[in-house]
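Visitor: You'll find run-v8.txt just under this line, and it carries compact mmCIF, C-alpha atoms (C1' of nucleotides).
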# COMPACT_ATOMS: atom_id res chain seq x y z
CA MET A 1 -27.63 216.76 -78.05
CA ARG A 2 -25.28 219.06 -76.17
CA TYR A 3 -24.86 221.74 -78.77
CA GLU A 4 -28.10 221.56 -80.64
CA PHE A 5 -28.51 224.38 -83.10
CA LYS A 6 -31.90 225.45 -81.82
CA ARG A 7 -30.63 225.84 -78.32
CA TYR A 8 -27.59 227.66 -79.65
CA LEU A 9 -29.90 230.04 -81.50
CA GLN A 10 -31.93 230.70 -78.40
CA GLU A 11 -28.88 231.41 -76.32
CA ASN A 12 -26.85 233.38 -78.81
CA ALA A 13 -29.35 235.02 -81.11
CA GLU A 14 -32.18 235.35 -78.61
CA ILE A 15 -34.53 233.50 -80.85
CA THR A 16 -37.82 232.65 -79.13
CA GLU A 17 -39.72 229.35 -79.17
CA GLU A 18 -42.29 231.14 -81.28
CA GLN A 19 -39.77 232.15 -83.91
CA LEU A 20 -38.13 228.75 -83.83
CA LYS A 21 -41.37 227.22 -85.04
CA GLN A 22 -41.34 229.50 -88.06
CA LEU A 23 -37.74 228.59 -88.80
CA GLU A 24 -37.96 224.89 -88.15
CA GLY A 25 -38.61 224.01 -91.78
CA GLU A 26 -35.52 225.89 -92.88
CA ILE A 27 -33.14 224.02 -90.62
CA GLN A 28 -31.99 220.79 -92.11
CA LYS A 29 -30.11 218.38 -89.92
CA ARG A 30 -27.58 216.01 -91.46
CA VAL A 31 -25.14 213.41 -90.27
CA ILE A 32 -21.93 213.56 -92.26
CA GLU A 33 -19.75 210.51 -92.32
CA GLU A 34 -16.03 210.85 -91.74
CA ASN A 35 -14.08 212.04 -94.79
CA LYS A 36 -17.21 213.09 -96.64
CA ILE A 37 -16.70 216.29 -98.62
CA LEU A 38 -19.39 218.93 -98.16
CA LEU A 39 -17.98 221.58 -100.45
CA HIS A 40 -15.75 221.06 -103.46
CA SER A 41 -13.54 223.73 -104.91
CA GLY A 42 -15.30 225.08 -107.99
CA GLU A 43 -18.78 224.78 -106.50
CA VAL A 44 -20.68 227.71 -105.09
CA CYS A 45 -20.98 227.39 -101.33
CA GLU A 46 -24.74 227.38 -100.78
CA HIS A 47 -24.84 226.50 -97.09
CA PHE A 48 -23.75 227.45 -93.63
CA TYR A 49 -22.82 224.43 -91.57
CA TYR A 50 -23.30 224.66 -87.86
CA VAL A 51 -21.48 221.81 -86.09
CA GLU A 52 -23.55 220.19 -83.35
CA GLU A 53 -21.16 217.34 -82.86
CA GLY A 54 -18.00 216.36 -84.69
CA LEU A 55 -15.37 218.26 -86.58
CA LEU A 56 -15.27 219.92 -89.98
CA ARG A 57 -12.35 221.39 -91.81
CA PHE A 58 -12.05 224.25 -94.27
CA TYR A 59 -9.08 224.06 -96.62
CA SER A 60 -7.66 224.60 -100.07
CA ILE A 61 -5.59 222.35 -102.29
CA ASP A 62 -2.81 223.93 -104.33
CA GLU A 63 -1.29 223.00 -107.69
CA LYS A 64 1.09 220.56 -106.05
CA GLY A 65 -1.75 218.81 -104.30
CA LYS A 66 -0.86 220.20 -100.92
CA GLU A 67 -3.73 220.84 -98.52
CA ASN A 68 -3.74 224.18 -96.73
CA ILE A 69 -6.05 224.26 -93.77
CA LEU A 70 -7.65 227.62 -93.03
CA GLU A 71 -9.92 226.51 -90.25
CA PHE A 72 -11.03 223.67 -88.05
CA ALA A 73 -14.65 223.77 -86.98
CA PRO A 74 -15.52 221.76 -83.88
CA GLU A 75 -18.78 221.91 -81.94
CA LYS A 76 -20.58 225.26 -81.88
CA TRP A 77 -18.68 226.56 -84.88
CA ILE A 78 -20.14 227.68 -88.14
CA VAL A 79 -18.31 227.00 -91.37
CA VAL A 80 -19.06 228.54 -94.71
CA ASP A 81 -17.03 230.04 -97.50
CA ARG A 82 -18.53 233.45 -97.01
CA ALA A 83 -16.97 234.84 -100.14
CA SER A 84 -18.56 232.16 -102.27
CA PHE A 85 -21.84 232.19 -100.36
CA TYR A 86 -22.30 235.92 -100.43
CA PHE A 87 -20.96 236.74 -103.88
CA ASN A 88 -22.25 233.58 -105.49
CA GLU A 89 -18.85 232.74 -106.88
CA PRO A 90 -17.22 229.34 -107.26
CA SER A 91 -15.32 228.57 -104.10
CA GLU A 92 -11.60 227.96 -104.06
CA PHE A 93 -11.95 225.85 -100.95
CA TYR A 94 -13.12 222.53 -99.64
CA ILE A 95 -15.07 221.58 -96.57
CA ASP A 96 -14.96 218.04 -95.27
CA ALA A 97 -15.59 216.06 -92.10
CA LEU A 98 -12.66 214.86 -90.00
CA GLU A 99 -15.04 212.91 -87.78
CA GLU A 100 -18.57 211.71 -88.20
CA THR A 101 -20.33 215.02 -87.75
CA THR A 102 -23.90 216.14 -87.19
CA VAL A 103 -24.57 219.53 -88.65
CA ALA A 104 -27.41 221.95 -89.01
CA VAL A 105 -27.49 223.02 -92.64
CA LEU A 106 -28.63 226.56 -93.31
CA ASP A 107 -29.18 228.28 -96.61
CA LYS A 108 -29.81 231.85 -97.77
CA GLU A 109 -33.50 231.39 -97.17
CA PHE A 110 -32.88 230.65 -93.52
CA ILE A 111 -30.69 233.69 -93.07
CA ASP A 112 -33.21 235.91 -94.81
CA ILE A 113 -36.21 234.71 -92.87
CA ALA A 114 -34.42 234.73 -89.54
CA SER A 115 -33.15 238.24 -90.20
CA GLU A 116 -36.63 239.35 -91.06
CA ILE A 117 -38.48 237.92 -88.11
CA SER A 118 -35.79 238.67 -85.55
CA PRO A 119 -33.74 241.83 -85.23
CA GLN A 120 -31.76 239.95 -82.60
CA PHE A 121 -30.78 237.40 -85.17
CA ARG A 122 -29.69 240.14 -87.49
CA LYS A 123 -27.45 241.47 -84.77
CA TYR A 124 -26.15 238.05 -83.94
CA ASN A 125 -25.34 237.47 -87.57
CA GLU A 126 -23.41 240.69 -87.76
CA ARG A 127 -21.62 239.83 -84.55
CA ILE A 128 -20.30 236.53 -85.87
CA LEU A 129 -19.25 238.27 -89.04
CA GLN A 130 -17.25 240.86 -87.12
CA ASN A 131 -15.88 238.15 -84.95
CA HIS A 132 -14.77 236.25 -88.00
CA ILE A 133 -12.87 239.28 -89.19
CA ARG A 134 -11.17 239.68 -85.85
CA HIS A 135 -10.18 236.08 -85.99
CA LEU A 136 -8.74 236.25 -89.50
CA GLN A 137 -6.96 239.48 -88.75
CA ASN A 138 -5.24 238.02 -85.71
CA ARG A 139 -4.32 234.94 -87.64
CA ILE A 140 -2.63 237.02 -90.34
CA ASN A 141 -0.82 238.98 -87.70
CA ARG A 142 0.63 235.79 -86.28
CA LEU A 143 1.51 234.38 -89.69
CA ILE A 144 3.55 237.42 -90.65
CA GLY A 145 4.94 238.19 -87.21
CA LYS A 146 5.50 234.97 -85.29
CA SER A 147 7.75 231.96 -85.68
CA ALA A 148 6.37 228.50 -86.35
CA GLU A 149 7.05 227.53 -82.74
CA GLU A 150 5.17 230.52 -81.39
CA ARG A 151 2.28 229.81 -83.71
CA TYR A 152 2.19 226.21 -82.54
CA LEU A 153 2.18 227.19 -78.88
CA HIS A 154 -0.61 229.63 -79.53
CA PHE A 155 -2.56 226.98 -81.38
CA ILE A 156 -2.47 224.35 -78.64
CA GLU A 157 -3.26 226.97 -76.05
CA ARG A 158 -6.25 228.28 -77.94
CA TYR A 159 -7.66 225.03 -79.28
CA GLN A 160 -6.89 222.58 -76.53
CA ASP A 161 -9.03 219.74 -77.75
CA ILE A 162 -8.23 219.86 -81.44
CA PRO A 163 -4.68 218.49 -81.21
CA ASN A 164 -6.18 215.31 -79.77
CA ARG A 165 -8.71 215.02 -82.52
CA VAL A 166 -6.78 215.65 -85.71
CA PRO A 167 -3.61 214.15 -87.19
CA GLN A 168 -0.54 216.21 -86.42
CA ARG A 169 0.14 216.80 -90.08
CA MET A 170 -3.07 218.79 -90.27
CA ILE A 171 -1.95 221.06 -87.47
CA ALA A 172 1.25 221.55 -89.44
CA SER A 173 -0.86 222.44 -92.44
CA TYR A 174 -2.86 224.95 -90.39
CA LEU A 175 0.37 226.51 -89.16
CA GLY A 176 1.85 226.69 -92.64
CA ILE A 177 4.75 224.28 -92.05
CA THR A 178 5.57 220.67 -92.93
CA PRO A 179 4.68 217.74 -90.67
CA GLU A 180 8.38 217.03 -90.18
CA SER A 181 9.02 220.54 -88.96
CA LEU A 182 6.18 220.34 -86.49
CA SER A 183 7.48 217.02 -85.23
CA ARG A 184 10.86 218.61 -84.58
CA ILE A 185 9.37 221.66 -82.94
CA ARG A 186 7.48 219.39 -80.58
CA ARG A 187 10.59 217.46 -79.78
CA GLU A 188 12.48 220.63 -78.94
CA LEU A 189 9.66 221.81 -76.71
CA SER A 190 9.50 218.54 -74.81
CA HIS A 191 13.26 218.66 -74.19
CA ASN A 192 12.89 221.05 -71.29
CA MET L 193 -11.27 265.64 -105.60
CA ARG L 194 -11.17 262.46 -107.60
CA TYR L 195 -12.32 260.06 -104.98
CA GLU L 196 -14.46 262.19 -102.78
CA PHE L 197 -16.36 260.21 -100.19
CA LYS L 198 -19.73 261.64 -101.08
CA ARG L 199 -19.37 260.65 -104.67
CA TYR L 200 -18.13 257.26 -103.60
CA LEU L 201 -21.22 256.84 -101.44
CA GLN L 202 -23.50 257.76 -104.30
CA GLU L 203 -21.84 255.33 -106.64
CA ASN L 204 -21.33 252.43 -104.29
CA ALA L 205 -24.05 252.70 -101.71
CA GLU L 206 -26.67 254.37 -103.88
CA ILE L 207 -27.01 257.24 -101.46
CA THR L 208 -29.13 260.07 -102.86
CA GLU L 209 -28.46 263.81 -102.76
CA GLU L 210 -31.32 264.02 -100.32
CA GLN L 211 -29.80 261.52 -97.93
CA LEU L 212 -26.39 263.07 -98.30
CA LYS L 213 -27.72 266.25 -96.83
CA GLN L 214 -28.86 264.39 -93.76
CA LEU L 215 -25.47 262.74 -93.43
CA GLU L 216 -23.32 265.73 -94.18
CA GLY L 217 -22.89 266.68 -90.54
CA GLU L 218 -21.64 263.21 -89.71
CA ILE L 219 -18.87 263.20 -92.26
CA GLN L 220 -15.76 264.86 -91.01
CA LYS L 221 -13.01 265.58 -93.46
CA ARG L 222 -9.41 265.69 -92.29
CA VAL L 223 -6.00 266.13 -93.81
CA ILE L 224 -3.48 263.87 -92.16
CA GLU L 225 0.15 264.80 -92.43
CA GLU L 226 2.67 262.16 -93.38
CA ASN L 227 3.68 259.87 -90.50
CA LYS L 228 0.85 261.03 -88.32
CA ILE L 229 -0.63 258.18 -86.26
CA LEU L 230 -4.43 257.93 -86.36
CA LEU L 231 -4.85 254.92 -84.11
CA HIS L 232 -2.50 253.77 -81.39
CA SER L 233 -2.41 250.24 -80.05
CA GLY L 234 -4.30 250.24 -76.76
CA GLU L 235 -6.89 252.77 -77.92
CA VAL L 236 -10.36 251.81 -79.02
CA CYS L 237 -10.75 252.38 -82.74
CA GLU L 238 -13.64 254.83 -82.91
CA HIS L 239 -13.54 255.70 -86.58
CA PHE L 240 -13.67 254.39 -90.09
CA TYR L 241 -11.22 256.18 -92.34
CA TYR L 242 -12.10 256.47 -95.99
CA VAL L 243 -9.08 257.53 -98.03
CA GLU L 244 -9.86 260.19 -100.61
CA GLU L 245 -6.26 260.86 -101.44
CA GLY L 246 -3.05 259.50 -100.00
CA LEU L 247 -2.11 256.28 -98.30
CA LEU L 248 -2.75 254.83 -94.87
CA ARG L 249 -1.32 251.75 -93.29
CA PHE L 250 -2.68 249.29 -90.76
CA TYR L 251 -0.08 247.42 -88.72
CA SER L 252 0.99 245.97 -85.40
CA ILE L 253 4.23 246.28 -83.49
CA ASP L 254 5.51 243.21 -81.69
CA GLU L 255 7.59 242.84 -78.50
CA LYS L 256 10.81 243.21 -80.47
CA GLY L 257 9.62 246.46 -81.99
CA LYS L 258 9.06 244.93 -85.41
CA GLU L 259 6.24 246.38 -87.49
CA ASN L 260 3.90 243.90 -89.15
CA ILE L 261 1.79 245.43 -91.86
CA LEU L 262 -1.64 243.92 -92.30
CA GLU L 263 -2.93 246.34 -94.89
CA PHE L 264 -2.15 249.29 -97.08
CA ALA L 265 -5.05 251.58 -97.77
CA PRO L 266 -4.74 253.79 -100.84
CA GLU L 267 -7.49 255.86 -102.44
CA LYS L 268 -11.04 254.46 -102.19
CA TRP L 269 -10.13 252.14 -99.34
CA ILE L 270 -11.64 252.10 -95.91
CA VAL L 271 -9.47 251.33 -92.91
CA VAL L 272 -10.70 250.50 -89.47
CA ASP L 273 -9.86 247.95 -86.85
CA ARG L 274 -13.26 246.35 -87.04
CA ALA L 275 -12.65 244.15 -84.03
CA SER L 276 -11.92 247.15 -81.85
CA PHE L 277 -14.61 249.31 -83.43
CA TYR L 278 -17.36 246.77 -83.17
CA PHE L 279 -16.53 245.13 -79.85
CA ASN L 280 -15.30 248.32 -78.22
CA GLU L 281 -12.05 246.72 -77.21
CA PRO L 282 -8.58 248.25 -77.14
CA SER L 283 -6.97 247.74 -80.50
CA GLU L 284 -3.76 245.79 -80.95
CA PHE L 285 -2.98 247.75 -84.07
CA TYR L 286 -1.85 251.09 -85.38
CA ILE L 287 -3.03 253.18 -88.27
CA ASP L 288 -0.79 255.87 -89.71
CA ALA L 289 -0.30 257.90 -92.85
CA LEU L 290 2.47 257.00 -95.29
CA GLU L 291 1.73 260.09 -97.35
CA GLU L 292 -0.14 263.27 -96.63
CA THR L 293 -3.65 261.91 -96.76
CA THR L 294 -7.13 263.36 -96.90
CA VAL L 295 -9.69 261.15 -95.25
CA ALA L 296 -13.37 261.15 -94.52
CA VAL L 297 -13.74 260.24 -90.87
CA LEU L 298 -16.83 258.24 -89.94
CA ASP L 299 -17.99 257.18 -86.55
CA LYS L 300 -20.67 254.80 -85.20
CA GLU L 301 -23.22 257.57 -85.44
CA PHE L 302 -22.64 257.87 -89.15
CA ILE L 303 -23.00 254.13 -89.71
CA ASP L 304 -26.17 254.01 -87.63
CA ILE L 305 -27.84 256.94 -89.32
CA ALA L 306 -26.85 255.89 -92.80
CA SER L 307 -28.08 252.36 -92.14
CA GLU L 308 -31.34 253.72 -90.89
CA ILE L 309 -32.12 256.12 -93.69
CA SER L 310 -30.84 253.90 -96.49
CA PRO L 311 -31.33 250.18 -96.89
CA GLN L 312 -28.90 250.45 -99.78
CA PHE L 313 -26.25 251.66 -97.41
CA ARG L 314 -26.94 248.77 -95.11
CA LYS L 315 -26.40 246.42 -98.01
CA TYR L 316 -23.30 248.23 -99.09
CA ASN L 317 -21.93 248.00 -95.59
CA GLU L 318 -22.51 244.29 -95.48
CA ARG L 319 -20.92 243.92 -98.89
CA ILE L 320 -17.67 245.53 -97.84
CA LEU L 321 -17.67 243.41 -94.72
CA GLN L 322 -18.04 240.24 -96.75
CA ASN L 323 -15.45 241.49 -99.15
CA HIS L 324 -13.09 242.12 -96.30
CA ILE L 325 -13.49 238.52 -95.19
CA ARG L 326 -12.79 237.25 -98.67
CA HIS L 327 -9.69 239.35 -98.77
CA LEU L 328 -8.36 238.17 -95.41
CA GLN L 329 -9.16 234.57 -96.22
CA ASN L 330 -7.24 234.70 -99.45
CA ARG L 331 -4.36 236.37 -97.73
CA ILE L 332 -4.15 233.60 -95.14
CA ASN L 333 -4.30 231.03 -97.88
CA ARG L 334 -1.28 232.60 -99.54
CA LEU L 335 0.63 232.98 -96.29
CA ILE L 336 0.33 229.31 -95.42
CA GLY L 337 0.53 227.96 -98.94
CA LYS L 338 2.84 230.12 -101.04
CA SER L 339 6.52 230.96 -100.97
CA ALA L 340 7.76 234.47 -100.28
CA GLU L 341 8.57 234.90 -103.96
CA GLU L 342 5.08 233.87 -105.03
CA ARG L 343 3.55 236.20 -102.48
CA TYR L 344 5.70 239.05 -103.75
CA LEU L 345 4.71 238.42 -107.35
CA HIS L 346 1.07 238.35 -106.36
CA PHE L 347 1.48 241.56 -104.43
CA ILE L 348 2.99 243.59 -107.24
CA GLU L 349 0.46 242.20 -109.65
CA ARG L 350 -2.48 243.08 -107.44
CA TYR L 351 -1.33 246.41 -106.08
CA GLN L 352 0.57 247.88 -108.98
CA ASP L 353 0.89 251.38 -107.65
CA ILE L 354 1.78 250.62 -104.06
CA PRO L 355 5.32 249.41 -104.68
CA ASN L 356 6.09 252.86 -106.09
CA ARG L 357 4.62 254.61 -103.10
CA VAL L 358 6.02 252.77 -100.11
CA PRO L 359 9.54 251.84 -99.03
CA GLN L 360 10.46 248.32 -100.01
CA ARG L 361 10.96 247.28 -96.42
CA MET L 362 7.24 247.83 -95.84
CA ILE L 363 6.36 245.48 -98.64
CA ALA L 364 8.65 242.97 -96.98
CA SER L 365 6.76 243.55 -93.75
CA TYR L 366 3.44 242.99 -95.50
CA LEU L 367 4.76 239.76 -96.99
CA GLY L 368 6.10 238.54 -93.67
CA ILE L 369 9.79 238.54 -94.62
CA THR L 370 12.83 240.75 -93.95
CA PRO L 371 13.84 243.63 -96.22
CA GLU L 372 17.06 241.80 -97.06
CA SER L 373 15.16 238.74 -98.21
CA LEU L 374 12.89 240.81 -100.40
CA SER L 375 15.90 242.54 -101.90
CA ARG L 376 17.40 239.17 -102.80
CA ILE L 377 14.14 237.85 -104.18
CA ARG L 378 13.93 240.88 -106.45
CA ARG L 379 17.49 240.39 -107.60
CA GLU L 380 16.79 236.77 -108.48
CA LEU L 381 13.67 237.76 -110.39
CA SER L 382 15.49 240.42 -112.38
CA HIS L 383 18.20 237.91 -113.37
CA ASN L 384 16.05 236.45 -116.13
C1' DC C 385 28.43 269.08 -99.17
C1' DG C 386 27.22 265.89 -95.50
C1' DC C 387 23.73 263.49 -93.30
C1' DG C 388 20.19 260.04 -92.84
C1' DT C 389 17.34 256.73 -94.69
C1' DG C 390 16.63 252.97 -97.49
C1' DA C 391 18.43 249.38 -100.51
C1' DT C 392 21.88 246.05 -101.48
C1' DT C 393 25.37 242.65 -100.64
C1' DG C 394 28.15 239.16 -98.15
C1' DA C 395 28.95 235.68 -94.71
C1' DA C 396 27.43 232.93 -91.11
C1' DA C 397 23.88 230.99 -88.60
C1' DC C 398 19.44 229.27 -88.29
C1' DC C 399 15.07 227.57 -89.56
C1' DC C 400 12.51 224.91 -92.52
C1' DT C 401 11.94 221.66 -96.31
C1' DT C 402 12.85 217.57 -98.84
C1' DC C 403 13.67 212.93 -99.33
C1' DA C 404 14.44 208.61 -97.52
C1' DA C 405 14.40 205.55 -93.92
C1' DG C 406 12.85 203.93 -89.67
C1' DT C 407 9.47 203.56 -85.78
C1' DT C 408 5.14 203.85 -83.64
C1' DT C 409 0.18 203.67 -83.67
C1' DA C 410 -4.37 202.40 -84.87
C1' DG C 411 -7.37 199.64 -87.22
C1' DT C 412 -8.64 195.21 -89.67
C1' DG C 413 -9.38 190.55 -90.42
C1' DG C 414 -8.21 186.05 -89.13
C1' DC T 415 -6.40 188.24 -79.03
C1' DC T 416 -2.81 188.27 -82.22
C1' DA T 417 -0.84 189.32 -86.68
C1' DC T 418 -0.78 192.15 -90.39
C1' DT T 419 -1.16 196.44 -92.71
C1' DA T 420 -1.51 201.16 -93.61
C1' DA T 421 -1.11 205.54 -91.94
C1' DA T 422 1.02 208.68 -89.00
C1' DC T 423 4.85 210.17 -86.72
C1' DT T 424 9.80 210.49 -86.00
C1' DT T 425 14.50 210.86 -87.27
C1' DG T 426 18.66 211.84 -90.10
C1' DA T 427 21.15 214.10 -93.66
C1' DA T 428 21.45 217.33 -97.18
C1' DG T 429 20.02 221.35 -99.21
C1' DG T 430 17.23 225.60 -99.63
C1' DG T 431 15.50 229.58 -98.09
C1' DT T 432 15.48 233.24 -94.56
C1' DT T 433 17.38 235.79 -91.01
C1' DT T 434 20.89 238.30 -88.77
C1' DC T 435 24.53 241.40 -88.52
C1' DA T 436 27.66 244.26 -90.56
C1' DA T 437 29.34 246.79 -94.29
C1' DT T 438 28.64 249.30 -98.45
C1' DC T 439 26.13 251.74 -101.88
C1' DA T 440 22.49 255.07 -103.67
C1' DC T 441 19.76 258.83 -103.15
C1' DG T 442 17.27 262.91 -101.61
C1' DC T 443 17.17 266.80 -98.68
C1' DG T 444 18.61 270.38 -95.62
Here is a file; write its structure as structure tokens.
Guide:
Amino acid sequence: MRYEFKRYLQENAEITEEQLKQLEGEIQKRVIEENKILLHSGEVCEHFYYVEEGLLRFYSIDEKGKENILEFAPEKWIVVDRASFYFNEPSEFYIDALEETTVAVLDKEFIDIASEISPQFRKYNERILQNHIRHLQNRINRLIGKSAEERYLHFIERYQDIPNRVPQRMIASYLGITPESLSRIRRELSHN
Amino acid sequence: MRYEFKRYLQENAEITEEQLKQLEGEIQKRVIEENKILLHSGEVCEHFYYVEEGLLRFYSIDEKGKENILEFAPEKWIVVDRASFYFNEPSEFYIDALEETTVAVLDKEFIDIASEISPQFRKYNERILQNHIRHLQNRINRLIGKSAEERYLHFIERYQDIPNRVPQRMIASYLGITPESLSRIRRELSHN
DNA sequence: CGCGTGATTGAAACCCTTCAAGTTTAGTGG
DNA sequence: CCACTAAACTTGAAGGGTTTCAATCACGCG
């Protein structure tokens, strides 16, 4: 397994073999079939999902039934509705699998124990939190300041593999435009 | 002072009088004149600014010179470019004062000491971080899923006092539209 | 009073959406 | 392997919504 969670923890949170043994029982591995929903709007998000292989998606559905994709989560990403997880509130979002996906499932217990036995993990956890904020902040900046075409170009530059793995309409959804608009933007871009 | 930082800390981070004394030297109070810039793009953001009175603004400026406002920070808010602060990178944003503003200025030292002497502060600090994520996430959801009119209605509902304190063109900037568009949206809304 | 800034309005252009119709693609079962 | 089907993508036309640019109006301040 290329992106196994344990190895990821060792490399990124400086967790030792020793500590891994203590945590082993708290890490649940699951294989999620394509299209399976892991979090429904209205539920409290009780888990972090670390993607070892596959692709998850974090999105909302509005009154008109339109899906709005906030995030794609390929290998090495962690998805969670932090607001719901942390504040114990019903989530307004969904998480599902766009491919058959193997995940490491982590709950509050895991976070608490890992934080307790490893100051490095605590730091790592804060780092991904800060990183998440940076990411969201930049995304907002592009949404209010850039055109759809610029946002698309940024997207394919930043997430090279995702365009090959998800339907184009989902990229449109991520960018905040319709599939038709994205199709036309792509046509324009290819015409030079 | 209605929203003095020390009182805020006592109420929200359960900091005691005792601990306040230890922290006093780390809290710098400043009065920022209107239009003064606290953080320039390209600088590393070294401080948290807690607004005791007045109004700050967090924004970027793009190649065309257009300002894109990510956040308004009235009383009781904390502004900081967390990405720059945490990762020690040059910021891509600006912070300035839209009114004469009194702030408590906090640096890394303050955060470190407060975290060390008070577990409550540590928790508080994580809480505002998580809250920040919730806020950004919801904002993105509205930007990709709602019309300009809906976003405007949400804005005036959520931030009742801000529309009276900032020029309308800045609200337009926050919403990601032009001042002219916002003017027309308001006209439409008033015509019923 | 006059100036400057911000808000409004109009007209044209542009971008994006909507709806409806094709076309292409991928997957399924024979 | 082909034929069929459903889903995804593309395209066109019409219509909104937004922007742009320019002009005008409203207001506060020196």
Visitor: T:DT434: which residues within 10 Å, counting all atoms listed in the file, same-chain residues fewer than 5 positions away excluded, as a VMD selection string?
Guide: (chain L and resid 370 372) or (chain C and resid 396 to 398)
Visitor: Residues of the last selection are to be written out with C-alpha atoms (C1' of nucleotides), as a short mmCIF file (atom, residue, chain, number, x, y, z; two decimals), in the frame of the given file.
Guide:
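New file part_3.cif:
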data_model
loop_
_atom_site.label_atom_id
_atom_site.label_comp_id
_atom_site.auth_asym_id
_atom_site.auth_seq_id
_atom_site.Cartn_x
_atom_site.Cartn_y
_atom_site.Cartn_z
CA THR L 370 12.83 240.75 -93.95
CA GLU L 372 17.06 241.80 -97.06
"C1'" DA C 396 27.43 232.93 -91.11
"C1'" DA C 397 23.88 230.99 -88.60
"C1'" DC C 398 19.44 229.27 -88.29
#
Visitor: Give me, as an mmCIF file with C-alpha atoms (C1' of nucleotides), in the coordinates of the input, the residues of chain T touching chain A, with the criterion being at most 12 Å (counting all atoms listed in the file).
Guide:
data_model
loop_
_atom_site.group_PDB
_atom_site.id
_atom_site.type_symbol
_atom_site.label_atom_id
_atom_site.label_comp_id
_atom_site.auth_asym_id
_atom_site.auth_seq_id
_atom_site.Cartn_x
_atom_site.Cartn_y
_atom_site.Cartn_z
ATOM 1 C "C1'" DA T 421 -1.110 205.540 -91.940
ATOM 2 C "C1'" DA T 422 1.020 208.680 -89.000
ATOM 3 C "C1'" DC T 423 4.850 210.170 -86.720
ATOM 4 C "C1'" DT T 424 9.800 210.490 -86.000
ATOM 5 C "C1'" DT T 425 14.500 210.860 -87.270
ATOM 6 C "C1'" DG T 426 18.660 211.840 -90.100
ATOM 7 C "C1'" DT T 432 15.480 233.240 -94.560
ATOM 8 C "C1'" DT T 433 17.380 235.790 -91.010
#
Visitor: Please determine, counting only C-alpha atoms (C1' of nucleotides), which residue among A:Ile177, A:Leu38, A:Leu189, A:Ile171 has the shortest atom-to-atom distance to chain C.
Guide: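 Of A:Ile177, A:Leu38, A:Leu189, A:Ile171, the one nearest chain C, counting only C-alpha atoms (C1' of nucleotides), is A:Ile177.
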Visitor: Would you kindly return, as number ranges by chain, each protein, DNA or RNA residue with an atom no farther than 8 Å from any atom of stretch 437-443 of chain T, considering all atoms listed in the file and excluding same-chain residues fewer than 3 positions away?
Guide: C: 391-393
Visitor: Dump as a list in words all residues having an atom at most 10 Å from (-18.0, 226.9, -107.6), computed in the file's coordinates with all atoms listed in the file.
Guide: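 Taken together, the residues in range are Leu39, His40, Ser41, Gly42, Glu43, Val44, Cys45, Glu46, Ser84, Phe85, Asn88, Glu89, Pro90, Ser91, Glu92 and Phe93 of chain A.
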Visitor: Specify as a list of chain:residue names all residues of chain C found within 10 Å of chain A, counting all atoms listed in the file.
Guide: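 So the contacting residues turn out to be C:DC399, C:DC400, C:DT401, C:DT402.
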Visitor: Kindly provide, as number ranges by chain, the residues of chain L having any atom no farther than 8 Å from an atom of chain A, counting only C-alpha atoms.
Guide: L: 252, 254, 260, 262, 274-275, 278, 321-326, 328-329, 331-333, 335-337, 365-369
Visitor: Here's a test: counting only C-alpha atoms (C1' of nucleotides), identify every protein, DNA and RNA residue with an atom at most 10 Å from (-26.1, 259.3, -88.6) in the file's coordinate frame, and state them as a list in words.
Guide: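 Using only C-alpha atoms (C1' of nucleotides), the matching residues come out as Gln214, Leu215, Glu216, Gly217, Glu218, Ile219, Leu298, Asp299, Lys300, Glu301, Phe302, Ile303, Asp304, Ile305, Ala306, Ser307, Glu308 and Ile309 of chain L.
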